[in-house]
Amino acid sequence: VHLIPVNPVREDGLNPKSRKRIMPDLLTEPPAIDPVYEAHVYCNIPTVAERSMEGHAPHYFKLVSVQVLIRHGDRYPLYAIPKTKRPDIDCMLVPSRKPSHPQLEAFIKHMSKGSAAQMDGSLSSLPHFPSHSLCEMGELTQTGVVQHLRNGQLLREIYINKHKLLPSDWTAKQLYLETTGKSRTLQSALALLYTFLPDFDWKKINMRHQWSTIFCSGSCDCPMRNHYLEEEQRRQYSLRVKNNNLEKIYVDMAKIVGIPTRQLRASNPIDSLLCYFCHNVSFPCTKAGCIGMEHFKVIKRHQLEDERERQEKKLYFLYALLATHPLLNQTVNRLQRIAEGKKEEVFVLYSAHDVTLSPVLSALGITEARFPRFAARLVFELWQDGKRPKEHFIRILYNGADVTFQTSFCKDHYKRSSKPMCPLEKLVNFVKRDMFLIFNSTSYYDACHRRTL
């Protein structure tokens with residue numbers, strides 16, 4: 001798997017020897033946990049064309065709906081390492097600078113005409129694309145825009161060109177678009193939409209604002225969800241304090257930067273270091289020394305171990321079931337309406353965060369999945385059986401890989417079925433009933449308000 005170009009010419013055109021290169025080239029997946037390899041996967045640098053399994057079904061099946069949940073693309077850090085110079089990343093969109101996309105120039109032009117779009121609430125005041133010469137905290141980068149231009153192009157080739165999911169005269173009612181109130185999620189959604197429906201009519205765009213990162217809409221009151229989240233945070237803390245190697249690294253980095261260890265830890269250095277890593281920029285230095293690859297590897301390895309332990313322990317899973325039920329319930333209700341013959345909201349796009357996607361994967365039982373990388377996509381496809389038109393099936397795909405049969409509710413189905421997908425009612429029963437069994441409850445409200453376990 002070629003994850004980054006082997007050609008030594010730097011993306012910004014500088015001679016590679018003039019800057020210390022921190023990103024080694026990795027061509028094959030290593031056998032054990034390798035923090036550097038995993039960081040590459042997380043960065044999701046747009047290089048080679050991606051293979052994807054979206055849109056695969058027996059020829060007599062008809063695709064009737066697609067719902068996509070994305071994480072925003074590559075962004076500038078949300079935290080800064082105190083007393084260091086911020087990474088020097090340009091958030092202006094420059095089509096001649098790599099990584100680029102053939103549609104980037106047209107995208108910029110189209111985005112500047114977007115005043116006719118219906119944007120909920122505070123979304124209308126957000127810019128449609130990033131445009132600062134030094135990125136602001138959390139701002140989408142050019143890499144992030146390109147990642148979603150690629151996502152949209154890939155989904156267009158499959159769902160529009162091949163499966164004709166939307167007619168050329170599609171209407172606003174056939175789309176459902178929702179994003180959190182951050183510029184990076186709105187801009188990611190617009191980048192994907194631009195290549196999915198090139199030069200779309202802005203009057204047909206109605207972007208809904210979701211104030212909650214878990215998309216719980218009007219069903220956010222859930223004391224037990226908060227209880228499991230607090231328990232999960234305690235588990236994270238206890239794993240961290242047990243890791244002596246991690247503590248030594250934090251002490252060493254704090255000395256280099258000249259601040260107390262506690263303050264360094266609070267500044268969440270991995271978020272900032274990943275930006276240096278993904279953009280191939282040297283880690284920060286001070287008079288006392290440089291933060292280096294060894295520091296990065298230890299912190300990243302701990303993060304990966306934490307993710308693994310989180311999957312093994314039940315706390316996060318219990319949190320995830322309660323956190324994602326409102327979103328999954330909305331998804332299932334929509335799929336049922338379409339299965340009954342409704343023609344509205346056949347393409348759905350939720351633009352969200354890692355803290356949105358991660359619990360959805362966990363709740364569905366997809367435990368093998370990696371933590372959501374930049375521009376990750378989770379897709380629900382609804383198919384109608386052409387031989388038995390009343391029968392509907394779903395496929396679930398994560399970053400182009402078919403994970404339908406990794407889900408807890410469809411794990412055993414494929415052993416008994418010749419069809420490469422899962423009956424819709426299995427997902428419906430899971431969301432409407434089985435999600436609550438572990439809480440000894442029969443409804444979301446009951447599970448949220450009853451102390452269990």
# chains A, B, ... in the order shown; residues from 1 in each chain; ligands from 1

$ residues_around --residues "range 239-244 of chain A" --least-positions-apart "6" --cutoff "9 Å" --atoms "only C-alpha atoms" --output "JSON, numbers by chain"
{"A": [302, 306, 309]}

$ select_by_dssp --residues "range 390-440 of chain A" --states "helix (DSSP H, G or I)" --output "JSON, numbers by chain"
{"A": [404, 405, 406, 413, 414, 415, 416, 424, 425, 426, 427, 428, 429, 430, 431, 432, 434, 435, 436, 437, 438, 439]}

$ select_by_dssp --residues "range 281-412 of chain A" --states "strand (DSSP E or B)" --output "NGL selection string"
:A and (285-286 or 289-290 or 347-352 or 377-385 or 392-398 or 401-402)

$ closest_residue --among "A:Pro35, A:Gly114, A:Pro326, A:Pro95" --to "Phe296 in chain A" --atoms "only C-alpha atoms"
A:Pro35

$ closest_residue --among "A:Thr195, A:Ala32, A:His59, A:Asp169" --to "Leu104 in chain A" --atoms "only C-alpha atoms"
A:Thr195

$ closest_residue --among "A:Cys285, A:Ala189, A:Leu78, A:Ala172" --to "Glu139 in chain A" --atoms "only C-alpha atoms"
A:Leu78

$ closest_residue --among "A:Tyr159, A:Phe61, A:Tyr42, A:Phe380" --to "Lys419 in chain A" --atoms "only C-alpha atoms"
A:Phe61

$ residues_around --residues "Glu344 in chain A" --least-positions-apart "2" --cutoff "12 Å" --atoms "only C-alpha atoms" --output "ChimeraX atom specification"
/A:64-66,165-166,170-176,334-342,346-348

$ residues_around --residues "range 444-452 of chain A" --least-positions-apart "3" --cutoff "8 Å" --atoms "only C-alpha atoms" --output "JSON, numbers by chain"
{"A": [221, 222, 223, 224, 225, 322, 325, 436, 439, 440, 441]}

$ residues_around --residues "Gly138 in chain A" --least-positions-apart "4" --cutoff "9 Å" --atoms "only C-alpha atoms" --output "list of chain:residue names"
A:Arg75, A:Tyr76, A:Pro77, A:Leu78, A:Tyr79, A:Lys182, A:Ser183, A:Arg184

$ write_last_selection --atoms "N, CA, C and O atoms" --output "PDB file, in the first residue's frame"
ATOM      1  N   ARG A  75      -7.136  19.056   9.603  1.00  0.00           N
ATOM      2  CA  ARG A  75      -7.316  20.393  10.188  1.00  0.00           C
ATOM      3  C   ARG A  75      -6.065  20.817  10.934  1.00  0.00           C
ATOM      4  O   ARG A  75      -5.218  20.006  11.276  1.00  0.00           O
ATOM      5  N   TYR A  76      -6.013  22.111  11.196  1.00  0.00           N
ATOM      6  CA  TYR A  76      -4.984  22.658  12.072  1.00  0.00           C
ATOM      7  C   TYR A  76      -5.297  22.216  13.497  1.00  0.00           C
ATOM      8  O   TYR A  76      -6.459  21.975  13.836  1.00  0.00           O
ATOM      9  N   PRO A  77      -4.271  22.083  14.374  1.00  0.00           N
ATOM     10  CA  PRO A  77      -4.542  21.572  15.731  1.00  0.00           C
ATOM     11  C   PRO A  77      -5.553  22.428  16.501  1.00  0.00           C
ATOM     12  O   PRO A  77      -5.730  23.611  16.233  1.00  0.00           O
ATOM     13  N   LEU A  78      -6.191  21.772  17.475  1.00  0.00           N
ATOM     14  CA  LEU A  78      -7.108  22.474  18.385  1.00  0.00           C
ATOM     15  C   LEU A  78      -6.353  22.979  19.615  1.00  0.00           C
ATOM     16  O   LEU A  78      -6.875  23.770  20.385  1.00  0.00           O
ATOM     17  N   TYR A  79      -5.142  22.447  19.819  1.00  0.00           N
ATOM     18  CA  TYR A  79      -4.330  22.803  20.991  1.00  0.00           C
ATOM     19  C   TYR A  79      -2.939  23.206  20.511  1.00  0.00           C
ATOM     20  O   TYR A  79      -2.465  22.708  19.499  1.00  0.00           O
ATOM     21  N   LYS A 182     -19.153  23.975  13.189  1.00  0.00           N
ATOM     22  CA  LYS A 182     -17.737  24.321  13.006  1.00  0.00           C
ATOM     23  C   LYS A 182     -17.454  24.553  11.525  1.00  0.00           C
ATOM     24  O   LYS A 182     -17.972  23.818  10.674  1.00  0.00           O
ATOM     25  N   SER A 183     -16.587  25.511  11.242  1.00  0.00           N
ATOM     26  CA  SER A 183     -16.288  25.769   9.821  1.00  0.00           C
ATOM     27  C   SER A 183     -15.704  24.522   9.155  1.00  0.00           C
ATOM     28  O   SER A 183     -15.973  24.244   7.997  1.00  0.00           O
ATOM     29  N   ARG A 184     -14.921  23.730   9.908  1.00  0.00           N
ATOM     30  CA  ARG A 184     -14.266  22.557   9.274  1.00  0.00           C
ATOM     31  C   ARG A 184     -15.282  21.495   8.837  1.00  0.00           C
ATOM     32  O   ARG A 184     -15.066  20.803   7.846  1.00  0.00           O
TER      33      ARG A 184
END

$ atom_distance --atom1 "CA of Ile291 in chain A" --atom2 "CA of Gln303 in chain A"
17.8 Å

$ residues_around --residues "Ala116 in chain A" --least-positions-apart "3" --cutoff "8 Å" --atoms "only C-alpha atoms" --output "VMD selection string"
chain A and resid 113 202 to 203

$ write_last_selection --atoms "C-alpha atoms" --output "short mmCIF file (atom, residue, chain, number, x, y, z; two decimals), in the first residue's frame"
data_model
loop_
_atom_site.label_atom_id
_atom_site.label_comp_id
_atom_site.auth_asym_id
_atom_site.auth_seq_id
_atom_site.Cartn_x
_atom_site.Cartn_y
_atom_site.Cartn_z
CA LYS A 113 -21.26 32.26 -5.09
CA TRP A 202 -27.08 26.73 -4.44
CA LYS A 203 -30.86 27.27 -4.16
#

$ closest_residue --among "A:Val146, A:Val428, A:Leu123, A:Ala49" --to "Arg97 in chain A" --atoms "only C-alpha atoms"
A:Val146

$ residues_around --residues "Ser131 in chain A" --least-positions-apart "3" --cutoff "7 Å" --atoms "only C-alpha atoms" --output "list of chain:residue names"
A:Cys91, A:Met92, A:Leu93

$ closest_residue --among "A:Lys387, A:Arg234, A:Lys204, A:Lys85" --to "Met119 in chain A" --atoms "only C-alpha atoms"
A:Lys204

$ closest_atom_pairs --of "range 340-443 of chain A" --to "range 311-316 of chain A" --cutoff "9 Å" --atoms "only C-alpha atoms" --output "Markdown table"
| residue | atom | partner | partner_atom | distance |
| --- | --- | --- | --- | --- |
| A:Pro359 | CA | A:Tyr316 | CA | 7.8 |
| A:Ser362 | CA | A:Gln311 | CA | 7.7 |
| A:Thr367 | CA | A:Gln311 | CA | 6.4 |
| A:Glu368 | CA | A:Gln311 | CA | 8.8 |

$ decode --residues "range 237-262 of chain A" --atoms "N, CA and C atoms" --output "compact mmCIF listing (two decimals), in the first residue's frame"
# COMPACT_ATOMS: atom_id res chain seq x y z
N TYR A 237 -7.72 7.74 32.31
CA TYR A 237 -6.77 8.36 33.24
C TYR A 237 -5.93 7.29 33.93
N SER A 238 -6.59 6.21 34.36
CA SER A 238 -5.84 5.19 35.10
C SER A 238 -4.83 4.47 34.20
N LEU A 239 -5.18 4.28 32.92
CA LEU A 239 -4.22 3.67 31.99
C LEU A 239 -3.02 4.60 31.78
N ARG A 240 -3.27 5.89 31.74
CA ARG A 240 -2.19 6.84 31.51
C ARG A 240 -1.22 6.87 32.69
N VAL A 241 -1.75 6.90 33.92
CA VAL A 241 -0.84 7.01 35.07
C VAL A 241 -0.03 5.73 35.28
N LYS A 242 -0.52 4.61 34.75
CA LYS A 242 0.23 3.35 34.88
C LYS A 242 1.39 3.26 33.90
N ASN A 243 1.41 4.14 32.90
CA ASN A 243 2.40 4.05 31.82
C ASN A 243 3.64 4.89 32.17
N ASN A 244 4.64 4.23 32.77
CA ASN A 244 5.85 4.94 33.22
C ASN A 244 6.62 5.56 32.06
N ASN A 245 6.66 4.83 30.96
CA ASN A 245 7.38 5.30 29.78
C ASN A 245 6.77 6.60 29.27
N LEU A 246 5.45 6.65 29.26
CA LEU A 246 4.74 7.85 28.82
C LEU A 246 5.06 9.03 29.75
N GLU A 247 5.07 8.75 31.05
CA GLU A 247 5.35 9.81 32.04
C GLU A 247 6.74 10.39 31.83
N LYS A 248 7.72 9.50 31.57
CA LYS A 248 9.10 9.96 31.33
C LYS A 248 9.16 10.88 30.11
N ILE A 249 8.43 10.48 29.07
CA ILE A 249 8.42 11.27 27.83
C ILE A 249 7.81 12.66 28.08
N TYR A 250 6.73 12.69 28.85
CA TYR A 250 6.10 13.98 29.17
C TYR A 250 7.06 14.86 29.99
N VAL A 251 7.75 14.26 30.95
CA VAL A 251 8.71 15.01 31.78
C VAL A 251 9.80 15.60 30.88
N ASP A 252 10.31 14.76 29.97
CA ASP A 252 11.39 15.19 29.07
C ASP A 252 10.92 16.33 28.15
N MET A 253 9.72 16.17 27.58
CA MET A 253 9.20 17.21 26.68
C MET A 253 8.94 18.51 27.44
N ALA A 254 8.43 18.38 28.68
CA ALA A 254 8.15 19.58 29.49
C ALA A 254 9.44 20.35 29.78
N LYS A 255 10.54 19.60 30.00
CA LYS A 255 11.85 20.26 30.24
C LYS A 255 12.29 21.02 28.99
N ILE A 256 12.13 20.38 27.82
CA ILE A 256 12.53 21.02 26.55
C ILE A 256 11.76 22.33 26.37
N VAL A 257 10.47 22.28 26.67
CA VAL A 257 9.62 23.45 26.43
C VAL A 257 9.71 24.46 27.58
N GLY A 258 10.08 23.97 28.76
CA GLY A 258 10.23 24.86 29.91
C GLY A 258 8.93 25.17 30.62
N ILE A 259 8.08 24.14 30.77
CA ILE A 259 6.81 24.31 31.51
C ILE A 259 6.62 23.11 32.43
N PRO A 260 5.72 23.20 33.43
CA PRO A 260 5.45 22.03 34.27
C PRO A 260 4.86 20.88 33.45
N THR A 261 5.17 19.65 33.83
CA THR A 261 4.69 18.46 33.09
C THR A 261 3.17 18.48 32.97
N ARG A 262 2.51 18.88 34.06
CA ARG A 262 1.04 18.87 34.08
C ARG A 262 0.48 19.79 32.99
